[in-house]
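First comes the structure, then the notes that go with it.
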Amino acid sequence: MSRMEQRKSLKSSASSLRILGILFVLPSMLFIAFSMLVPIVWNAAMSLTTWNGMTAVKWTGFANYAKVFEDAVTVRGFIYSLQIAVVSSALAIAAGLLLALAIYKTGPKEGAFYRFVFFSPAMMPFVIIGFLFVFILSPDVGLLNSVLGALGLQNLQHAWLSEPGTVVWTIAVIGGWRFSGLVMILCYTAMTTIPSSMFEAARLEGMGYARQVRMIILPLIMPTVRLVTLLMLILAFKTYDIVFIMTKGGPGDSSRTVPVRMLDVAFQYNEFGYASAIGVLLTILVSLVIVIVQRLARGESYEY
Amino acid sequence: MAGTKKVVYAAMLVMLCLVVSACGSGGNGKNAGASSGGSASPSASGSTSPSQTKEAAPEQTKPGEKIKMTLMITSADNPASKEIEGVVAEHFKDKYDITFKPWDGNNAEKTIKTTIAANNPIDLTQYWPTQMETFVNADMALDLTPYLDANGGEWRNSFLDRVIESGTYNGKVYALPFSAVYPMLIANQDILDKAGVKLPDGPQSWDDFMAMLGRIQEKTGVWPIGINKDWAAWVPRNNLITIWPDDARMTAFATGKTPFTDPLVVEAFEASKELYDKYVYPGKGALTTTLDQVNIAFKQGKIAIKADVNTNAAQSIKDSGLTNISIGSWPTKGLNYVLGGSDGYFIPANAKHPEASIEIMKYLTSPEILQMRVDKGSPVTIKDVKSDDPNLALYSKDAGRIEPKEIINVAPQFMDIVNGKMPANYIFNGKSSLDELEKVRRQVAAGGQ
Amino acid sequence: MNIEYVKAKGRTGMPKAEAAAKLKDPEATMRLIFRILLIGFVVVNLYPLLFTLFTSLKTTEEFYENVWSLPHRLFTDNYAQAFVEGHIGEYFFNSLLIACVTLALATIFGAFAAYALARLHVPFGAAIVALMLLVQILPTESMILPLYMFMSKIGLMGTRFVPIILAYLGWVLPTTIVVLRSFILTIPAEVLESARIDGSGEIHTMFRIIMPLTGGAIATCTILNFSYIWGELMWAQLATLTTDKGVPLTVGLLNFQGQYQTNWGVLTAAICIILIPLFVLFLFLQKYFVQGLTTGSVKG
């Protein structure tokens with residue numbers, strides 16, 4: 001084969017790589033365009049209009065956005081959503097990481113059992129989790145209050161899902177519990193990829209597990225933890241299912257998160273334009289939180 | 001713009017093709033076994049997409065084929081509805097291929113509106129004729145007047161006098177009621193006897209009612225009353241109807257002319273808060289107690305009185321297994337009315353086969369079907385039914401006192417806030433929870449002029 | 001290395017004689033704390049499940065007598081009722097089909113796209129990656145209404161499974177692509193370059209080198225996507241509004257709860273029917289995952 005030919009083949013391979021690249025990316029892009037981009041653009045356009053679902057669409061500019069800030073229920077909805085997302089992500093990550101570190105130290109059979117049990121809530125649809133917890137948390141005959149009563153902790157008993165002070169926290173904790181197994185699996189998976197040679201030096205130095213965790217494990221799985229944090233926040237901001245099943249946003253407005261409020265506004269008040277504006281603002285809020293968290297995580301990352 | 005549209009459509013075709021073929025190959029093996037009973041769907045073949053999209057459109061209009069209809073008329077808490085579903089399916093089996101969706105009061109509005117907005121409406125749905133404003137104002141409901149008046153008003157005349165008014169807006173009928181609905185009280189008489197109290201035959205005044213509950217609590221230690229969370233709003237709603245000195249003031253409030261800062265409005269809510277603070281099972285969690293939990297507690301003798309709906313009363317008493325039961329009217333703050341309205345049906349304005357929907361609606365409001373409801377103990381709105389249950393009269397005794405004019409019908413926001421979030425918001429946030437309502441009222445008043 | 005590992009294991013299974021020494025050893029104390037933590041969490045996780053199981057084996061009367069008691073005897077009528085009248089089997093099949101098709105498509109398309117974005121020349125590649133990062137964080141809740149209108153306009157809404165799978169596929173793809181791409185980027189470029197110079201085609205590279213090396217990442221995505229698809233409610237509710245064919249579990253269970261509101265026995269039996277096969281499935285998958293993960297890591 002001559003040099004000329006080789007160069008030619010390299011050239012053609014560059015353009016064929018380009019074509020291949022497009023071909024590889026295209027199907028995914030089409031699916032994403034269909035179920036995400038088109039609705040997003042549609043939504044953004046609709047947020048600048050007034051539409052009651054039936055009659056003609058009216059252009060109203062940014063009036064819908066101004067309305068959000070005057071609407072106390074929606075503003076509180078943003079606070080609740082943020083609260084649930086942050087609290088349940090933080091809980092899920094803390095618990096998941098701790099569980100993964102604990103399981104890492106147990107035998108393989110035992111570890112598999114724990115992993116299985118802890119991951120099980122993540123597999124259960126929220127519908128089922130909701131049913132179970134409505135029962136466990138019921139104020140009169142519920143398991144939690146019965147246990148607290150049996151332990152003589154009557155003053156800790158609450159009507160968990162009906163007191164405005166506790167309901168959002170309760171939902172956030174359940175959300176965190178549900179996803180802790182997912183965090184655990186992902187972190188544990190990352191830990192298994194740490195070559196055991198890394199620990200040999202540590203053991204020779206007589207390093208305890210706590211120090212191993214701090215010096216070796218955490219720095220090495222930091223990329224995974226960061227990824228998991230992002231995923232967790234994304235998942236935890238989806239506050240429709242769990243709220244809908246457990247409280248439907250109530251009692252009153254005391255757990256009315258943004259997605260629930262958005263659907264109310266659209267389907268009960270017939271204000272589809274306003275609902276779209278809320279959706280757009282939620283998108284902005286979620287993006288902001290994620291950017292901030294990413295910045296913070298980057299600041300703390302271990303350099304080596 | 002047109003160019004982008006083309007691209008989007010082309011993209012969709014490609015995707016459709018991919019998905020259909022993928023579904024075919026992915027699901028074939030499993031599909032064969034599981035869907036043996038079902039009709040062979042055209043998409044199972046996995047051929048090219050254009051032929052498929054073409055097939056999809058004329059499917060409904062083929063002459064020999066049955067029309068596909070979707071009805072949302074089966075409500076879980078109604079004892080007769082499952083049976084009615086079967087009879088309707090059987091009755092129309094040669095003409096229509098009917099899908100039944102369960103009707104759930106909490107989501108009905110959302111479901112109906114989404115399908116209407118997407119031009120894919122449910123063909124006939126249950127709804128409350130007195131609460132149709134939200135659909136009527138957005139032109140979402142089919143005008144039934146011409147059908148009712150056809151053949152010399154044959155259909156209209158089958159109803160009891162005046163009941164059709166509940167679904168009439170600006171002189172046009174948009175929804176037909178099948179039974180009058182209002183709240184009532186069912187009491188465990190054994191507990192009441194122990195406390196030495198009884199429910200009077202007529203409506204009780206609010207103060208007497210509260211005194212009675214206090215006595216029950218004091219003498220028996222049992223929770224005086226249990227109220228399902230979805231019915232909590234009945235307490236303030238009924239107070240807001242009956243608290244006025246006269247009909248004129250009541251109407252003024254019900255049409256949005258009285259501010260929510262009026263002392264009587266505040267008192268109506270304050271009274272609801274007092275009831276919840278003191279007497280509603282199980283104290284702190286009263287606002288989230290489900291119907292289930294109330295029923296269990298009632299059955300176990302943990303509560304003396306439970307709130308119920310007249311149309312469910314017969315079944316509910318039967319389920320409780322208690323024999324010594326008494327029935328009472330909802331307490332009033334003054335005027336002799338009770339909140340309520342009716343259960344009924346309507347057809348979305350853009351229903352695909354309005355004639356077929358009308359035909360089914362006629363059947364649903366016929367003596368043949370409504371007799372089934374009567375047999376379960378629910379009073380109905382038409383003439384030609386009969387009952388041998390001596391108690392049936394008890395379950396419709398307050399029907400004549402129903403006052404359907406309520407503030408909640410003025411704007412969907414009122415409906416959502418007063419019916420969906422009260423008295424909880426008042427209990428938690430006090431008077432400031434009324435600011436939101438007052439804001440909506442001013443907007444509506446300004447918009448109306 | 002192996003010896004070290006065995007030694008470490010040996011320490012886990014310490015005999016009782018060393019218990020005294022153990023107390024002094026901070027490692028052992030820590031292990032004890034870990035064990036308590038783990039067992040406590042197991043109880044928290046298992047109790048609701050056991051409660052569900054017990055309730056499903058009780059008659060309604062038994063249940064109302066004492067909600068938290070053990071069942072008196074094996075009562076299996078609830079299961080028959082849930083299966084026959086509740087169509088739980090059918091819903092289960094629907095959900096499984098939706099999950100399998102979506103996951104298979106998402107993995108294949110996602111892996112190709114991720115590879116192309118990581119290693120091939122895609123025009124505006126950087127912009128596409130940024131776009132993926134952006135859209136994956138968007139709440140799907142805000143897309144549901146327009147998507148519903150769009151799909152019914154083009155006549156997709158009446159079809160079985162298609163609207164649900166299409167939407168889910170679009171929603172899980174961005175995350176899948178982002179995760180897989182970041183894993184593929186960790187594969188040394190030399191490995192791919194050498195394969196390319198060897199004359200191995202890109203598709204060949206994809207299946208022979210990329211796929212095996214990203215096994216762990218694919219497992220990760222599959223777990224993530226599965227738990228999302230399996231539990232999604234909002235879109236599933238909307239997409240099956242006017243049909244009773246192809247209804248997934250979440251919606252089916254809600255309908256079911258509507259019809260059997262007061263019958264906790266049947267409801268919990270339905271929940272068990274859903275969960276038991278799922279747990280069995282995961283038990284197998286977990287083994288496979290861990291194997292895949294460890295072999296992947298050894299090679300990497």
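Every chain in the structure tokens takes a letter, A first, then B, and so on in the order presented; its residues are numbered from 1, and the ligands are numbered from 1 following the presented order.
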Fill in: Long-range neighbours of segment 170-178 of chain C as a PyMOL selection string, 9 Å cut-off, only C-alpha atoms, 6 positions minimum in chain
(chain A and resi 28-36+231) or (chain C and resi 102-103+106-107+109-115+117+129+131-137+140+218+221-222+224-225+228-229)
Practice prompt. Write down as an MDAnalysis selection string the residues of segment 60-217 of chain C whose backbone DSSP state falls under helix (DSSP H, G or I).
Written response: chainID C and resid 60:65 77:84 88:119 125:136 140:153 162:185 189:197 202:213 215:217
So that I have them on file, write out the residues from the current selection with C-alpha atoms, as a compact mmCIF listing (two decimals), in the first residue's frame.
# COMPACT_ATOMS: atom_id res chain seq x y z
CA THR C 60 -61.02 -8.21 56.04
CA GLU C 61 -62.46 -9.03 59.46
CA GLU C 62 -59.10 -10.15 60.79
CA PHE C 63 -57.52 -6.99 59.47
CA TYR C 64 -60.03 -4.71 61.12
CA GLU C 65 -59.70 -6.57 64.42
CA ASP C 77 -58.45 -15.70 48.42
CA ASN C 78 -57.11 -12.15 48.25
CA TYR C 79 -54.54 -13.24 45.71
CA ALA C 80 -57.07 -14.98 43.51
CA GLN C 81 -59.25 -11.90 43.63
CA ALA C 82 -56.42 -9.49 42.85
CA PHE C 83 -55.31 -11.60 39.94
CA VAL C 84 -58.68 -12.36 38.39
CA ILE C 88 -52.80 -7.34 38.14
CA GLY C 89 -51.10 -9.92 35.94
CA GLU C 90 -52.00 -7.96 32.83
CA TYR C 91 -50.75 -4.67 34.30
CA PHE C 92 -47.54 -6.36 35.34
CA PHE C 93 -46.96 -7.67 31.85
CA ASN C 94 -47.63 -4.21 30.38
CA SER C 95 -45.15 -2.53 32.70
CA LEU C 96 -42.54 -5.19 32.04
CA LEU C 97 -42.94 -4.84 28.30
CA ILE C 98 -42.71 -1.05 28.48
CA ALA C 99 -39.63 -1.23 30.69
CA CYS C 100 -37.82 -3.85 28.57
CA VAL C 101 -38.42 -2.18 25.23
CA THR C 102 -37.54 1.27 26.57
CA LEU C 103 -34.40 0.08 28.31
CA ALA C 104 -33.19 -1.93 25.33
CA LEU C 105 -33.70 0.97 22.94
CA ALA C 106 -32.26 3.51 25.37
CA THR C 107 -29.13 1.41 25.91
CA ILE C 108 -28.49 0.82 22.22
CA PHE C 109 -29.25 4.32 20.95
CA GLY C 110 -27.69 5.90 24.02
CA ALA C 111 -24.46 3.93 23.70
CA PHE C 112 -24.08 4.81 20.02
CA ALA C 113 -24.75 8.48 20.66
CA ALA C 114 -22.44 8.56 23.68
CA TYR C 115 -19.64 6.92 21.73
CA ALA C 116 -20.07 9.30 18.83
CA LEU C 117 -20.11 12.32 21.12
CA ALA C 118 -17.07 11.10 23.01
CA ARG C 119 -14.87 9.84 20.22
CA GLY C 125 -20.82 17.93 19.28
CA ALA C 126 -20.01 20.22 22.18
CA ALA C 127 -23.31 22.01 21.79
CA ILE C 128 -25.18 18.70 21.77
CA VAL C 129 -23.44 17.59 24.95
CA ALA C 130 -24.33 20.89 26.62
CA LEU C 131 -27.90 20.48 25.45
CA MET C 132 -28.07 16.96 26.90
CA LEU C 133 -26.79 18.25 30.23
CA LEU C 134 -29.41 20.93 30.18
CA VAL C 135 -32.44 18.89 29.14
CA GLN C 136 -31.75 16.02 31.51
CA THR C 140 -40.67 16.21 32.73
CA GLU C 141 -43.77 17.44 34.53
CA SER C 142 -43.66 20.60 32.47
CA MET C 143 -43.52 18.70 29.19
CA ILE C 144 -46.46 16.46 29.77
CA LEU C 145 -49.26 18.69 28.61
CA PRO C 146 -47.74 19.80 25.28
CA LEU C 147 -46.55 16.27 24.62
CA TYR C 148 -50.04 14.94 25.17
CA MET C 149 -51.54 17.43 22.73
CA PHE C 150 -48.81 16.82 20.20
CA MET C 151 -49.21 13.05 20.33
CA SER C 152 -52.98 13.12 20.05
CA LYS C 153 -52.74 15.49 17.07
CA VAL C 162 -46.27 3.51 21.80
CA PRO C 163 -46.97 6.87 23.46
CA ILE C 164 -45.61 5.69 26.79
CA ILE C 165 -42.47 4.13 25.35
CA LEU C 166 -41.76 7.08 23.06
CA ALA C 167 -41.98 9.57 25.91
CA TYR C 168 -39.94 7.50 28.35
CA LEU C 169 -37.29 6.85 25.74
CA GLY C 170 -36.86 10.54 25.08
CA TRP C 171 -36.76 11.28 28.80
CA VAL C 172 -34.18 8.69 29.80
CA LEU C 173 -31.88 9.15 26.80
CA PRO C 174 -30.20 12.42 27.86
CA THR C 175 -29.11 11.00 31.23
CA THR C 176 -28.04 7.75 29.60
CA ILE C 177 -25.96 9.59 27.03
CA VAL C 178 -24.34 11.87 29.61
CA VAL C 179 -23.43 8.98 31.91
CA LEU C 180 -22.18 6.68 29.15
CA ARG C 181 -20.23 9.46 27.47
CA SER C 182 -18.37 10.32 30.65
CA PHE C 183 -17.45 6.64 31.07
CA ILE C 184 -16.33 6.28 27.47
CA LEU C 185 -14.13 9.35 27.90
CA ALA C 189 -7.85 7.18 23.40
CA GLU C 190 -4.90 4.94 22.41
CA VAL C 191 -7.05 1.84 22.81
CA LEU C 192 -9.50 3.19 20.28
CA GLU C 193 -6.83 4.59 17.97
CA SER C 194 -5.07 1.25 17.81
CA ALA C 195 -8.35 -0.45 17.02
CA ARG C 196 -8.98 2.08 14.29
CA ILE C 197 -5.54 1.60 12.72
CA GLU C 202 -16.45 1.70 14.10
CA ILE C 203 -19.47 -0.51 14.64
CA HIS C 204 -17.11 -3.37 15.34
CA THR C 205 -15.21 -1.17 17.83
CA MET C 206 -18.51 -0.24 19.39
CA PHE C 207 -19.54 -3.82 20.09
CA ARG C 208 -16.14 -5.40 20.71
CA ILE C 209 -14.45 -2.72 22.77
CA ILE C 210 -16.82 -0.02 23.98
CA MET C 211 -19.76 -2.14 25.05
CA PRO C 212 -17.74 -4.56 27.20
CA LEU C 213 -15.72 -1.75 28.74
CA GLY C 215 -20.67 -2.68 31.13
CA GLY C 216 -20.67 -1.11 34.55
CA ALA C 217 -21.94 2.20 33.25
Practice prompt. Using only C-alpha atoms, find which residues of chain B lie within 6 Å of chain A and jot them down as a PyMOL selection string.
Written response: chain B and resi 110+117+284-285+288+412+421+424-425
Could you give me, as a Markdown table, every chain A residue with an atom at most 6 Å from chain C, plus its closest atom pair and distance in Å to one decimal, counting only C-alpha atoms, rows ordered by chain then number?
| residue | atom | partner | partner_atom | distance |
| --- | --- | --- | --- | --- |
| A:Arg18 | CA | C:His121 | CA | 4.9 |
| A:Gly21 | CA | C:Ala116 | CA | 4.9 |
| A:Ile22 | CA | C:Val122 | CA | 5.8 |
| A:Phe24 | CA | C:Phe112 | CA | 5.1 |
| A:Val25 | CA | C:Ala113 | CA | 4.2 |
| A:Ser28 | CA | C:Phe109 | CA | 5.6 |
| A:Phe31 | CA | C:Gly170 | CA | 4.9 |
| A:Ile32 | CA | C:Gly170 | CA | 4.3 |
| A:Ser35 | CA | C:Gly170 | CA | 5.2 |
| A:Pro39 | CA | C:Met143 | CA | 5.1 |
| A:Ala102 | CA | C:Phe34 | CA | 5.4 |
| A:Met123 | CA | C:Ser227 | CA | 5.4 |
| A:Pro125 | CA | C:Gly231 | CA | 3.9 |
| A:Phe126 | CA | C:Gly231 | CA | 5.9 |
| A:Thr193 | CA | C:Ser297 | CA | 5.2 |
| A:Ile234 | CA | C:Ile137 | CA | 5.5 |
| A:Gly279 | CA | C:Ser142 | CA | 5.1 |
| A:Thr283 | CA | C:Leu138 | CA | 5.5 |
Pull N, CA, C and O atoms from the residues just selected and write them as a compact mmCIF listing (two decimals), in the first residue's frame.
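This is the output file result-v9.txt:
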# COMPACT_ATOMS: atom_id res chain seq x y z
N ARG A 18 -17.20 11.38 10.39
CA ARG A 18 -18.18 12.44 10.56
C ARG A 18 -19.59 11.89 10.26
O ARG A 18 -20.52 12.06 11.05
N GLY A 21 -20.58 9.46 12.85
CA GLY A 21 -20.93 10.19 14.07
C GLY A 21 -22.36 10.69 14.00
O GLY A 21 -23.13 10.49 14.92
N ILE A 22 -22.69 11.29 12.86
CA ILE A 22 -24.06 11.81 12.71
C ILE A 22 -25.06 10.67 12.79
O ILE A 22 -26.07 10.75 13.49
N PHE A 24 -24.75 7.84 14.25
CA PHE A 24 -24.83 7.29 15.61
C PHE A 24 -25.68 8.17 16.52
O PHE A 24 -26.40 7.70 17.39
N VAL A 25 -25.54 9.47 16.32
CA VAL A 25 -26.21 10.41 17.23
C VAL A 25 -27.67 10.62 16.84
O VAL A 25 -28.52 10.84 17.69
N SER A 28 -31.01 9.00 18.64
CA SER A 28 -31.21 9.52 19.99
C SER A 28 -31.74 10.95 19.94
O SER A 28 -32.66 11.31 20.65
N PHE A 31 -35.44 11.11 19.08
CA PHE A 31 -36.31 10.75 20.21
C PHE A 31 -36.36 11.88 21.23
O PHE A 31 -37.42 12.23 21.75
N ILE A 32 -35.19 12.45 21.51
CA ILE A 32 -35.15 13.51 22.51
C ILE A 32 -35.90 14.74 22.00
O ILE A 32 -36.66 15.37 22.73
N SER A 35 -39.76 14.03 22.39
CA SER A 35 -40.44 14.05 23.67
C SER A 35 -39.91 15.08 24.65
O SER A 35 -40.43 15.22 25.73
N PRO A 39 -41.87 19.72 23.26
CA PRO A 39 -42.68 20.21 24.38
C PRO A 39 -42.08 21.42 25.09
O PRO A 39 -42.81 22.31 25.51
N ALA A 102 -20.42 0.89 54.92
CA ALA A 102 -20.63 -0.19 55.89
C ALA A 102 -20.65 -1.53 55.19
O ALA A 102 -20.03 -2.50 55.64
N MET A 123 -36.97 0.15 43.85
CA MET A 123 -37.69 -0.58 42.82
C MET A 123 -39.19 -0.44 42.96
O MET A 123 -39.93 -0.68 42.02
N PRO A 125 -42.69 1.13 43.02
CA PRO A 125 -43.31 2.35 42.52
C PRO A 125 -43.76 3.23 43.68
O PRO A 125 -44.14 2.72 44.74
N PHE A 126 -43.72 4.53 43.49
CA PHE A 126 -44.16 5.46 44.52
C PHE A 126 -45.60 5.20 44.94
O PHE A 126 -45.98 5.47 46.08
N THR A 193 -14.56 -0.82 42.18
CA THR A 193 -13.60 -0.64 41.10
C THR A 193 -12.26 -0.12 41.61
O THR A 193 -11.32 0.03 40.85
N ILE A 234 -31.86 15.86 40.47
CA ILE A 234 -32.79 15.80 39.34
C ILE A 234 -34.00 14.95 39.73
O ILE A 234 -35.15 15.33 39.52
N GLY A 279 -43.92 26.30 34.91
CA GLY A 279 -43.03 25.23 34.45
C GLY A 279 -41.67 25.78 34.03
O GLY A 279 -40.63 25.22 34.37
N THR A 283 -38.00 25.07 35.76
CA THR A 283 -36.81 24.67 35.01
C THR A 283 -35.62 25.55 35.37
O THR A 283 -34.52 25.05 35.60
Practice prompt. Write out as a VMD selection string all residues of segment 239-387 of chain B that backbone DSSP assigns to strand (DSSP E).
Written response: chain B and resid 303 to 309 325 to 329 341 to 346
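Going from atom CA of Thr70 of chain B to atom CA of Ala356 of chain B covers 11.1 Å.
The list of residues with at least one atom within 7 Å of Ile243 of chain B, based on only C-alpha atoms and without residues fewer than 2 positions apart in the same chain, reads Asn239, Leu240, Ile241, Pro245, Leu264, Ala268, Lys333, Gly334 and Leu335 of chain B.
In this structure, atom CA of Glu270 of chain B sits 8.0 Å away from atom CA of Tyr426 of chain B.
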Worksheet item: Got a sec: who's within 7 Å of Gly265 of chain C, counting only C-alpha atoms, leaving out chain neighbours fewer than 5 positions off, as number ranges by chain?
Response: C: 55-60, 78
Take the residues from that selection and write them out as an mmCIF file, in the first residue's frame, keeping N, CA and C atoms.
data_model
loop_
_atom_site.group_PDB
_atom_site.id
_atom_site.type_symbol
_atom_site.label_atom_id
_atom_site.label_comp_id
_atom_site.auth_asym_id
_atom_site.auth_seq_id
_atom_site.Cartn_x
_atom_site.Cartn_y
_atom_site.Cartn_z
ATOM 1 N N THR C 55 -50.751 -8.596 55.752
ATOM 2 C CA THR C 55 -52.084 -8.076 55.488
ATOM 3 C C THR C 55 -52.734 -8.820 54.325
ATOM 4 N N SER C 56 -51.912 -9.159 53.331
ATOM 5 C CA SER C 56 -52.472 -9.828 52.160
ATOM 6 C C SER C 56 -52.972 -11.226 52.503
ATOM 7 N N LEU C 57 -52.530 -11.753 53.636
ATOM 8 C CA LEU C 57 -52.940 -13.108 54.008
ATOM 9 C C LEU C 57 -54.065 -13.101 55.049
ATOM 10 N N LYS C 58 -54.632 -11.926 55.272
ATOM 11 C CA LYS C 58 -55.691 -11.830 56.268
ATOM 12 C C LYS C 58 -57.045 -11.603 55.600
ATOM 13 N N THR C 59 -58.091 -12.003 56.298
ATOM 14 C CA THR C 59 -59.426 -11.638 55.831
ATOM 15 C C THR C 59 -59.698 -10.211 56.290
ATOM 16 N N THR C 60 -60.703 -9.603 55.688
ATOM 17 C CA THR C 60 -61.019 -8.214 56.043
ATOM 18 C C THR C 60 -61.340 -8.095 57.527
ATOM 19 N N ASN C 78 -57.457 -13.503 48.695
ATOM 20 C CA ASN C 78 -57.113 -12.151 48.251
ATOM 21 C C ASN C 78 -56.298 -12.188 46.968
#
Worksheet item: Counting only C-alpha atoms, what is within 9 Å of segment 261-263 of chain B, bar same-chain residues fewer than 2 positions away, as a list of chain:residue names?
Response: B:Thr258, B:Pro259, B:Val265, B:Val266, B:Glu267, B:Ala268, B:Lys431, B:Leu434, B:Asp435, B:Glu438
